[in-house]
$ cat work-v2.csv   # CSV, C-alpha atoms
chain,number,residue,atom,x,y,z
A,220,MET,CA,71.7,92.3,80.0
A,221,LEU,CA,72.7,94.0,83.3
A,222,SER,CA,71.1,97.3,84.2
A,223,PRO,CA,73.6,100.3,84.3
A,224,ALA,CA,73.4,100.3,88.1
A,225,ARG,CA,74.1,96.5,88.5
A,226,ALA,CA,77.0,96.8,86.1
A,227,PHE,CA,78.9,98.6,88.8
A,228,GLY,CA,78.4,95.7,91.3
A,229,PRO,CA,76.4,95.8,94.5
A,230,PRO,CA,74.9,99.1,95.5
A,231,ILE,CA,77.4,101.3,97.3
A,232,ARG,CA,76.3,102.3,100.8
A,233,VAL,CA,76.6,106.0,101.3
A,234,THR,CA,74.5,108.6,103.1
A,235,LEU,CA,73.0,110.8,100.5
A,236,PRO,CA,72.5,114.5,101.2
A,237,PRO,CA,68.8,115.7,101.2
A,238,GLU,CA,69.4,117.7,98.1
A,239,LEU,CA,69.6,114.5,96.1
A,240,ALA,CA,66.4,113.0,97.5
A,241,SER,CA,64.1,113.9,94.6
A,242,GLU,CA,63.8,115.8,91.4
A,243,ALA,CA,62.2,118.7,93.2
A,244,THR,CA,65.0,119.0,95.9
A,245,ILE,CA,67.9,118.9,93.4
A,246,LEU,CA,66.3,121.5,91.1
A,247,ALA,CA,65.6,123.7,94.1
A,248,HIS,CA,69.2,123.4,95.3
A,249,LEU,CA,70.6,124.2,91.8
A,250,GLY,CA,68.1,127.0,91.3
A,251,VAL,CA,66.9,125.5,88.1
A,252,SER,CA,63.3,125.3,86.9
A,253,PRO,CA,61.9,122.1,85.2
A,254,ALA,CA,61.8,124.1,82.0
A,255,GLU,CA,65.4,125.1,82.2
A,256,ALA,CA,66.5,121.6,83.1
A,257,LYS,CA,64.7,120.4,79.9
A,258,LYS,CA,66.4,123.2,77.9
A,259,ILE,CA,69.8,122.2,79.1
A,260,ARG,CA,69.2,118.5,78.2
A,261,TYR,CA,68.3,119.4,74.6
A,262,TYR,CA,70.5,122.4,73.9
A,263,ARG,CA,73.6,121.8,76.1
A,264,SER,CA,76.0,121.5,73.2
A,265,ARG,CA,75.4,125.2,72.5
A,266,MET,CA,76.5,126.0,76.1
A,267,TYR,CA,80.1,125.0,75.5
A,268,GLN,CA,83.1,126.7,73.8
A,269,THR,CA,85.3,124.2,72.1
A,270,PHE,CA,89.0,124.9,71.5
A,271,ALA,CA,92.3,123.0,71.2
A,272,VAL,CA,95.3,123.1,73.5
A,273,GLN,CA,98.7,121.9,72.3
A,274,LYS,CA,100.2,119.1,74.4
A,275,LYS,CA,103.9,118.5,75.0
A,276,SER,CA,103.9,115.8,72.4
A,277,GLY,CA,102.8,118.3,69.8
A,278,LYS,CA,99.3,116.9,69.5
A,279,GLN,CA,96.2,118.8,70.5
A,280,ARG,CA,93.9,118.3,73.4
A,281,ILE,CA,90.2,119.3,72.7
A,282,ILE,CA,88.7,121.3,75.6
A,283,ASN,CA,85.0,121.8,76.0
A,284,ALA,CA,84.5,124.7,78.3
A,285,PRO,CA,81.0,125.3,79.7
A,286,ASP,CA,79.5,128.8,79.8
A,287,ARG,CA,79.3,130.6,83.1
A,288,ARG,CA,75.8,129.4,84.0
A,289,LEU,CA,76.5,125.8,83.3
A,290,LYS,CA,79.8,125.9,85.0
A,291,MET,CA,78.1,127.2,88.2
A,292,LEU,CA,75.6,124.3,88.1
A,293,GLN,CA,78.4,121.8,87.6
A,294,ARG,CA,80.3,123.2,90.6
A,295,LYS,CA,77.3,122.8,92.8
A,296,ILE,CA,76.9,119.2,91.7
A,297,CYS,CA,80.6,118.6,92.3
A,298,ASP,CA,80.2,119.9,95.9
A,299,LEU,CA,77.4,117.4,96.5
A,300,LEU,CA,79.2,114.4,95.0
A,301,ASN,CA,82.7,115.0,96.5
A,302,PRO,CA,81.7,113.7,100.0
A,303,LEU,CA,80.2,110.6,98.4
A,304,TYR,CA,83.4,109.5,96.8
A,305,LYS,CA,85.5,107.3,99.0
A,306,ARG,CA,89.0,107.5,97.6
A,307,ARG,CA,91.1,104.4,97.3
A,308,ASN,CA,94.7,104.6,98.3
A,309,PRO,CA,96.2,104.4,94.8
A,310,VAL,CA,94.3,107.4,93.6
A,311,HIS,CA,96.2,110.7,93.4
A,312,GLY,CA,94.3,112.7,90.8
A,313,PHE,CA,91.6,115.2,91.6
A,314,VAL,CA,91.6,114.4,95.4
A,315,ALA,CA,92.6,116.5,98.4
A,316,GLU,CA,96.1,116.3,99.7
A,317,ARG,CA,97.2,114.3,96.6
A,318,SER,CA,99.1,115.5,93.5
A,319,VAL,CA,101.5,114.6,90.8
A,320,LYS,CA,104.2,114.8,93.4
A,321,THR,CA,102.6,112.3,95.8
A,322,ASN,CA,101.9,110.0,92.9
A,323,ALA,CA,105.5,110.0,91.8
A,324,GLN,CA,106.7,109.6,95.4
A,325,SER,CA,104.8,106.3,95.7
A,326,HIS,CA,107.3,104.9,93.2
A,327,LEU,CA,110.4,106.6,94.3
A,328,GLY,CA,113.4,104.3,94.2
A,329,SER,CA,111.6,101.5,92.3
A,330,LYS,CA,113.9,99.8,89.8
A,331,TYR,CA,111.2,98.7,87.3
A,332,VAL,CA,108.3,100.9,86.1
A,333,VAL,CA,105.4,100.4,83.7
A,334,ASN,CA,103.5,103.5,82.5
A,335,LEU,CA,100.0,103.1,80.9
A,336,ASP,CA,97.5,105.6,79.7
A,337,LEU,CA,93.7,105.4,79.2
A,338,LYS,CA,92.8,106.5,75.7
A,339,ASP,CA,90.3,109.4,75.4
A,340,PHE,CA,89.7,109.3,79.1
A,341,PHE,CA,86.9,111.8,79.7
A,342,PRO,CA,85.1,111.3,76.3
A,343,SER,CA,85.1,107.5,76.7
A,344,ILE,CA,83.1,107.8,79.9
A,345,THR,CA,79.6,107.9,78.5
A,346,GLU,CA,76.5,109.7,79.8
A,347,ARG,CA,74.9,106.3,80.3
A,348,ARG,CA,77.8,105.2,82.5
A,349,ILE,CA,77.4,108.4,84.6
A,350,THR,CA,73.7,107.7,85.1
A,351,GLY,CA,74.6,104.1,86.1
A,352,VAL,CA,77.2,105.0,88.7
A,353,LEU,CA,74.9,107.6,90.2
A,354,THR,CA,72.0,105.2,90.6
A,355,ALA,CA,74.5,102.6,92.0
A,356,LEU,CA,75.0,105.1,94.8
A,357,GLY,CA,71.3,105.1,95.6
A,358,ILE,CA,70.4,108.2,93.7
A,359,GLY,CA,67.0,108.0,92.0
A,360,ARG,CA,66.9,107.6,88.3
A,361,ASP,CA,65.1,110.9,87.7
A,362,VAL,CA,67.8,112.8,89.8
A,363,ALA,CA,70.6,110.9,88.1
A,364,ASP,CA,69.3,111.8,84.7
A,365,ILE,CA,69.2,115.5,85.6
A,366,LEU,CA,72.8,115.4,87.0
A,367,SER,CA,74.2,113.5,84.0
A,368,SER,CA,72.5,115.9,81.5
A,369,ILE,CA,74.0,118.9,83.2
A,370,CYS,CA,77.5,117.3,83.5
A,371,CYS,CA,77.8,115.6,80.1
A,372,VAL,CA,77.8,116.8,76.4
A,373,ASN,CA,78.0,114.9,73.1
A,374,GLY,CA,77.3,111.6,75.0
A,375,GLY,CA,80.2,111.8,77.4
A,376,LEU,CA,82.2,113.8,80.0
A,377,PRO,CA,83.6,117.1,78.7
A,378,GLN,CA,87.2,117.9,79.3
A,379,GLY,CA,86.9,121.3,80.8
A,380,ALA,CA,83.9,120.9,83.1
A,381,PRO,CA,84.6,121.2,86.9
A,382,SER,CA,82.3,118.1,87.5
A,383,SER,CA,84.2,115.8,85.2
A,384,PRO,CA,87.1,114.9,87.6
A,385,ILE,CA,84.9,113.7,90.5
A,386,LEU,CA,82.7,111.8,88.1
A,387,SER,CA,85.6,110.1,86.4
A,388,ASN,CA,87.0,109.0,89.8
A,389,MET,CA,83.6,107.5,90.7
A,390,ILE,CA,83.6,105.6,87.4
A,391,CYS,CA,87.1,104.3,88.1
A,392,PHE,CA,86.2,103.1,91.6
A,393,ARG,CA,85.8,99.5,90.5
A,394,LEU,CA,88.8,99.8,88.1
A,395,ASP,CA,91.0,101.0,90.9
A,396,LYS,CA,90.0,98.1,93.2
A,397,GLU,CA,90.6,95.5,90.6
A,398,LEU,CA,94.0,96.9,89.5
A,399,MET,CA,95.0,97.2,93.2
A,400,THR,CA,94.2,93.5,93.7
A,401,PHE,CA,96.0,92.5,90.5
A,402,ALA,CA,99.1,94.6,91.5
A,403,LYS,CA,99.1,92.9,94.9
A,404,GLY,CA,99.2,89.5,93.3
A,405,ALA,CA,102.0,90.6,90.9
A,406,ARG,CA,103.9,92.1,93.9
A,407,CYS,CA,104.1,95.6,92.7
A,408,ILE,CA,102.8,99.1,93.5
A,409,TYR,CA,99.8,100.6,91.5
A,410,THR,CA,98.8,104.2,91.4
A,411,ARG,CA,96.5,106.3,89.1
A,412,TYR,CA,96.6,110.0,88.4
A,413,ALA,CA,93.5,110.7,86.2
A,414,ASP,CA,94.3,108.6,83.0
A,415,ASP,CA,97.9,107.9,83.9
A,416,LEU,CA,98.5,104.5,85.4
A,417,THR,CA,101.8,103.4,87.0
A,418,PHE,CA,103.0,100.0,88.2
A,419,SER,CA,106.4,99.6,89.8
A,420,SER,CA,108.6,97.2,91.8
A,421,TYR,CA,112.1,96.5,92.9
A,422,GLN,CA,112.0,93.3,90.9
A,423,PRO,CA,111.2,92.8,87.2
A,424,LEU,CA,107.5,93.2,86.5
A,425,THR,CA,107.0,89.7,85.1
A,426,GLY,CA,103.5,89.4,86.5
A,427,LEU,CA,102.2,92.2,84.3
A,428,PHE,CA,103.2,90.6,81.0
A,429,GLU,CA,102.0,87.4,79.2
A,430,ALA,CA,105.6,86.7,78.2
A,431,PRO,CA,108.9,87.9,79.7
A,432,PRO,CA,109.0,91.7,80.1
A,433,PRO,CA,109.9,93.6,76.9
A,434,PRO,CA,113.1,95.7,76.5
A,435,SER,CA,113.1,99.1,78.1
A,436,GLY,CA,111.1,101.6,76.0
A,437,SER,CA,107.7,101.6,74.4
A,438,PHE,CA,105.7,98.4,74.0
A,439,ALA,CA,102.4,97.2,72.5
A,440,PRO,CA,99.6,96.9,75.1
A,441,ASP,CA,98.9,93.4,73.7
A,442,ALA,CA,102.0,92.3,75.5
A,443,LEU,CA,100.3,92.7,78.9
A,444,ALA,CA,99.0,89.7,80.8
A,445,LEU,CA,95.5,88.7,79.7
A,446,GLY,CA,94.2,89.1,83.3
A,447,LEU,CA,95.4,92.7,83.3
A,448,SER,CA,94.2,93.7,79.9
A,449,GLY,CA,90.9,92.1,80.7
A,450,ILE,CA,90.3,94.5,83.6
A,451,PHE,CA,90.5,97.4,81.3
A,452,ASP,CA,88.1,95.8,78.8
A,453,ALA,CA,85.6,94.9,81.6
A,454,ASN,CA,85.6,98.5,82.8
A,455,GLY,CA,85.1,100.1,79.4
A,456,PHE,CA,88.5,101.6,78.9
A,457,VAL,CA,91.1,101.2,76.1
A,458,LEU,CA,94.8,101.7,76.6
A,459,ASN,CA,96.6,104.2,74.5
A,460,PRO,CA,99.1,102.2,72.4
A,461,GLU,CA,101.4,105.3,72.1
A,462,LYS,CA,101.9,105.7,75.8
A,463,ALA,CA,102.7,102.2,77.1
A,464,HIS,CA,106.2,102.3,78.4
A,465,TYR,CA,108.5,99.9,80.3
A,466,ALA,CA,111.6,101.1,82.2
A,467,ASP,CA,114.1,98.8,83.9
A,468,ARG,CA,116.9,99.5,86.4
A,469,ASN,CA,119.3,100.7,83.7
A,470,SER,CA,117.0,103.4,82.2
A,471,ARG,CA,115.3,106.6,83.2
A,472,ARG,CA,112.2,106.0,85.2
A,473,THR,CA,109.5,108.7,85.2
A,474,VAL,CA,106.0,108.9,86.8
A,475,THR,CA,103.6,111.6,85.6
A,476,GLY,CA,106.5,113.6,84.3
A,477,LEU,CA,108.8,113.3,87.3
A,478,ARG,CA,112.0,111.3,87.6
A,479,VAL,CA,112.0,108.6,90.3
A,480,ASN,CA,115.3,106.9,89.9
A,481,GLU,CA,116.8,108.0,93.2
A,482,ALA,CA,115.5,111.4,94.3
A,483,LEU,CA,112.3,113.0,93.0
A,484,ASN,CA,113.3,115.4,90.2
A,485,VAL,CA,112.0,117.2,87.2
A,486,ASP,CA,113.3,116.5,83.7
A,487,ARG,CA,116.6,118.2,82.8
A,488,LYS,CA,114.9,119.7,79.7
A,489,PHE,CA,112.5,121.5,82.0
A,490,VAL,CA,115.3,123.2,83.8
A,491,ARG,CA,117.2,124.0,80.6
A,492,ASN,CA,114.1,125.6,79.0
A,493,LEU,CA,113.5,127.7,82.1
A,494,ARG,CA,117.1,128.9,82.1
A,495,ALA,CA,116.9,129.7,78.4
A,496,ALA,CA,113.8,131.7,78.8
A,497,LEU,CA,115.3,133.7,81.7
A,498,ARG,CA,118.4,134.3,79.6
A,499,SER,CA,116.3,135.6,76.8
A,500,VAL,CA,114.7,138.1,79.2
A,501,GLU,CA,118.1,139.2,80.5
A,502,VAL,CA,119.6,139.7,77.0
A,503,LEU,CA,116.6,141.0,75.0
A,504,GLY,CA,114.5,142.6,77.7
A,505,GLU,CA,111.0,141.7,79.0
A,506,LYS,CA,109.0,143.0,76.0
A,507,ALA,CA,111.2,141.5,73.3
A,508,ALA,CA,111.5,138.2,75.1
A,509,GLU,CA,107.8,138.0,75.5
A,510,ALA,CA,107.2,138.7,71.8
A,511,LYS,CA,109.7,135.9,70.9
A,512,PHE,CA,108.0,133.5,73.4
A,513,HIS,CA,104.5,134.2,71.9
A,514,ALA,CA,105.9,133.8,68.3
A,515,GLU,CA,107.5,130.4,69.1
A,516,HIS,CA,105.0,128.9,71.5
A,517,GLY,CA,101.7,130.8,71.0
A,518,GLY,CA,99.5,132.0,73.8
A,519,SER,CA,99.1,135.4,75.3
A,520,ALA,CA,100.2,135.0,78.9
A,521,ALA,CA,102.7,137.5,80.3
A,522,ILE,CA,106.2,135.9,80.3
A,523,GLY,CA,106.7,137.0,83.9
A,524,SER,CA,103.6,135.2,85.1
A,525,HIS,CA,104.5,132.2,83.0
A,526,LEU,CA,108.0,131.8,84.4
A,527,GLN,CA,106.7,132.4,87.9
A,528,GLY,CA,104.4,129.5,87.6
A,529,LYS,CA,107.2,127.3,86.2
A,530,LEU,CA,109.5,128.3,89.0
A,531,SER,CA,106.9,127.7,91.7
A,532,TRP,CA,106.5,124.2,90.3
A,533,LEU,CA,110.2,123.6,90.3
A,534,GLY,CA,110.4,124.8,94.0
A,535,HIS,CA,107.5,122.5,94.9
A,536,ILE,CA,109.2,119.5,93.5
A,537,LYS,CA,112.8,120.1,94.4
A,538,GLY,CA,112.2,122.0,97.6
A,539,PRO,CA,112.8,125.7,98.5
A,540,SER,CA,116.4,125.1,99.7
A,541,ASP,CA,117.5,123.3,96.5
A,542,PRO,CA,120.5,125.1,95.0
A,543,VAL,CA,119.2,124.8,91.4
A,544,PHE,CA,115.8,126.4,92.4
A,545,ARG,CA,117.6,129.0,94.5
A,546,GLY,CA,119.9,130.0,91.6
A,547,ILE,CA,117.2,130.3,89.0
A,548,ALA,CA,114.8,132.0,91.4
A,549,ALA,CA,117.4,134.7,92.2
A,550,ARG,CA,117.8,135.5,88.5
A,551,PHE,CA,114.0,135.6,88.2
A,552,ASN,CA,113.6,138.0,91.1
A,553,HIS,CA,116.2,140.3,89.6
A,554,SER,CA,114.4,140.4,86.3
A,555,PHE,CA,110.8,140.5,87.8
A,556,PRO,CA,111.0,142.2,91.2
A,557,ALA,CA,107.2,142.7,91.3
A,558,LEU,CA,106.8,139.0,91.0
A,559,ALA,CA,109.6,138.0,93.3
A,560,LEU,CA,109.5,134.5,94.9
A,561,ALA,CA,110.5,133.8,98.4
A,562,ILE,CA,113.9,132.0,98.6
A,563,GLN,CA,114.7,130.0,101.7
A,564,PRO,CA,118.1,131.2,103.1
A,565,THR,CA,120.9,128.7,103.7
A,566,GLN,CA,122.3,128.1,107.2
A,567,SER,CA,125.2,130.4,106.4
A,568,GLU,CA,122.9,133.2,105.3
A,569,VAL,CA,120.8,132.8,108.5
A,570,ARG,CA,123.9,133.1,110.6
A,571,GLU,CA,125.2,136.1,108.7
A,572,ARG,CA,121.8,137.9,109.0
A,573,ALA,CA,121.2,137.1,112.6
A,574,VAL,CA,121.8,139.1,115.8
A,575,TRP,CA,122.7,137.0,118.8
A,576,LEU,CA,121.4,137.7,122.3
A,577,ILE,CA,123.9,136.5,124.9
A,578,GLU,CA,122.8,136.1,128.5
A,579,HIS,CA,125.3,135.7,131.3
A,580,TRP,CA,124.4,132.6,133.5
A,581,GLU,CA,126.6,133.6,136.4
A,582,GLY,CA,126.7,136.8,138.4
A,583,SER,CA,124.1,139.5,137.8
A,584,GLY,CA,122.5,138.1,134.7
A,585,ASP,CA,123.9,140.8,132.4
A,586,GLN,CA,123.1,140.7,128.7
A,587,GLY,CA,124.8,141.7,125.5
A,588,THR,CA,124.5,141.2,121.8
A,589,ALA,CA,126.7,139.8,119.1
A,590,PHE,CA,126.6,139.7,115.3
A,591,PHE,CA,128.7,138.7,112.3
A,592,MET,CA,130.5,141.5,110.3
A,593,LYS,CA,131.8,140.8,106.9
A,594,ASP,CA,135.6,140.3,106.8
A,595,VAL,CA,135.7,140.7,110.6
A,596,GLY,CA,133.8,137.8,112.2
A,597,LEU,CA,131.8,137.7,115.4
A,598,VAL,CA,131.5,141.1,117.1
A,599,LEU,CA,130.5,141.2,120.8
A,600,THR,CA,129.0,144.4,122.3
A,601,GLY,CA,128.1,145.4,125.9
A,602,SER,CA,128.2,142.9,128.7
A,603,ALA,CA,128.4,140.1,126.2
A,604,GLU,CA,132.2,140.6,126.5
A,605,ILE,CA,132.0,139.3,130.1
A,606,GLY,CA,133.5,135.9,130.5
A,607,GLY,CA,131.7,132.9,131.9
A,608,ILE,CA,129.1,130.4,130.6
A,609,CYS,CA,126.7,132.1,128.2
A,610,ARG,CA,123.4,131.1,126.6
A,611,ARG,CA,122.9,132.3,123.0
A,612,ARG,CA,119.9,132.5,120.7
A,613,ALA,CA,119.6,133.9,117.2
A,614,VAL,CA,117.2,136.8,116.6
A,615,SER,CA,116.4,137.5,112.9
A,616,ARG,CA,117.1,141.0,111.8
$ encode --input "work-v2.csv" --output "structure tokens"
Amino acid sequence: MLSPARAFGPPIRVTLPPELASEATILAHLGVSPAEAKKIRYYRSRMYQTFAVQKKSGKQRIINAPDRRLKMLQRKICDLLNPLYKRRNPVHGFVAERSVKTNAQSHLGSKYVVNLDLKDFFPSITERRITGVLTALGIGRDVADILSSICCVNGGLPQGAPSSPILSNMICFRLDKELMTFAKGARCIYTRYADDLTFSSYQPLTGLFEAPPPPSGSFAPDALALGLSGIFDANGFVLNPEKAHYADRNSRRTVTGLRVNEALNVDRKFVRNLRAALRSVEVLGEKAAEAKFHAEHGGSAAIGSHLQGKLSWLGHIKGPSDPVFRGIAARFNHSFPALALAIQPTQSEVRERAVWLIEHWEGSGDQGTAFFMKDVGLVLTGSAEIGGICRRRAVSR
């Protein structure tokens, strides 16, 4: 039987920070005594608050949120481990300068898309696997045991701890390499955002399936090529049978919730719900609309802050000059002036709000100004009325 470290292949060559050199140095860095470290190991389950969050599908996601002290320790560990993780190109989740948007952009315009999901992603990554990947980095077993005990609960990674994202990416390091190699052989693109895996191509994805590709829609993971499903088995992951989806050129293709058929876009339902919520505020008033929102969807967030976050996301995806975003943002700003969002002006608006400085190139170098007046047009003042060749530049008012 392979040791946990050897299960991850040859040791990964990285330069470890001095804080990870020994049990004494890591405890000193964390500000934890040996007695407290022992207490955390045996009583950590009491240091979490467990609650459920409703997902879009209607099902619930269990969150294990660490208490303030434990969260602080996990963040310190996260800061130590982040420089040790060498991101592979397909990874877009929990890494700098990558996001859901960059993940979807990788597949923009592809005609065939396969979406897969790793079942119970964080809980399926066991504490033993965390210890194994840390020792594979060259971290001593005593230090790895301390780190894994602080970052794990109930035998696995908790969803809600700040250290879980970086540790999950480290665990998936070999998975990403093997899937990237498989995708190259199948002539398709592979990306991963946390537990969401996407393969896409301009040609039918025949290399991903044991038989001809299934019809567009959900499919059983058993239909995948044995070589592909074997990669997940070898890396200790199970595919979620409810989230395996195949889309062809004649269907709607989405990647991590964004449409990638032609231009990057959000789902129409997202925009409809946003408009409906704003309409409710405009008709019922802020307080009544907020009460209705809480009654129908639960939660306690202020409706203005909620809509502001949704709108900011829409602007991030579609761009600040997009007419759909601009129209909804204008309505939001009218209803919530204290939370107003910046709206990028159109070229016409820039022209109408600009003052033009006109410099005469011939003669004495006289200057004048010009501006647009509604229902009148361009108005020249001062020496700007002098003929000749002029140079103009817009100055914002």
$ atom_distance --input "work-v2.csv" --atom1 "atom CA of A:Met266" --atom2 "atom CA of A:Val352"
24.5 Å
$ closest_residue --input "work-v2.csv" --among "A:Met389, A:Leu477, A:Leu335, A:Ile344" --to "A:Gly374" --atoms "all atoms listed in the file"
A:Ile344
$ closest_residue --input "work-v2.csv" --among "A:Lys295, A:Lys320, A:His553, A:Arg288" --to "A:Ile259" --atoms "all atoms listed in the file"
A:Arg288
$ closest_residue --input "work-v2.csv" --among "A:Pro431, A:Gly328, A:Pro237, A:Gly375" --to "A:Arg348" --atoms "all atoms listed in the file"
A:Gly375
$ closest_residue --input "work-v2.csv" --among "A:Cys371, A:Arg280, A:Tyr412, A:Ser524" --to "A:Asp395" --atoms "all atoms listed in the file"
A:Tyr412
$ closest_residue --input "work-v2.csv" --among "A:Asn492, A:Thr417, A:Gln293, A:Gln273" --to "A:Ala466" --atoms "only C-alpha atoms"
A:Thr417
$ closest_residue --input "work-v2.csv" --among "A:Asn480, A:Thr475, A:Asn308, A:Ser554" --to "A:Val500" --atoms "only C-alpha atoms"
A:Ser554
$ atom_distance --input "work-v2.csv" --atom1 "atom CA of A:Ser318" --atom2 "atom CA of A:Leu366"
27.1 Å
$ atom_distance --input "work-v2.csv" --atom1 "atom CA of A:Asn552" --atom2 "atom CA of A:Leu533"
14.8 Å
$ residues_around --input "work-v2.csv" --residues "A:Trp532" --least-positions-apart "6" --cutoff "10 Å" --atoms "all atoms listed in the file" --output "mmCIF file with C-alpha atoms, in the frame of the given file"
data_model
loop_
_atom_site.group_PDB
_atom_site.id
_atom_site.type_symbol
_atom_site.label_atom_id
_atom_site.label_comp_id
_atom_site.auth_asym_id
_atom_site.auth_seq_id
_atom_site.Cartn_x
_atom_site.Cartn_y
_atom_site.Cartn_z
ATOM 1 C CA VAL A 485 112.000 117.200 87.200
ATOM 2 C CA LEU A 526 108.000 131.800 84.400
ATOM 3 C CA GLY A 538 112.200 122.000 97.600
ATOM 4 C CA PHE A 544 115.800 126.400 92.400
#
$ residues_around --input "work-v2.csv" --residues "A:Leu497" --least-positions-apart "3" --cutoff "12 Å" --atoms "all atoms listed in the file" --output "ChimeraX atom specification"
/A:490-494,500-505,508-509,512,522-523,525-527,529-530,546-555
$ residues_around --input "work-v2.csv" --residues "A:Leu483" --least-positions-apart "5" --cutoff "7 Å" --atoms "all atoms listed in the file" --output "MDAnalysis selection string"
chainID A and resid 324 327 477:478
$ residues_around --input "work-v2.csv" --residues "A:Tyr409" --least-positions-apart "5" --cutoff "7 Å" --atoms "all atoms listed in the file" --output "PyMOL selection string"
chain A and resi 309+399+402+417-419
$ residues_around --input "work-v2.csv" --residues "A:Gly446" --least-positions-apart "2" --cutoff "9 Å" --atoms "only C-alpha atoms" --output "MDAnalysis selection string"
chainID A and resid 401 427 429 443:444 448:450
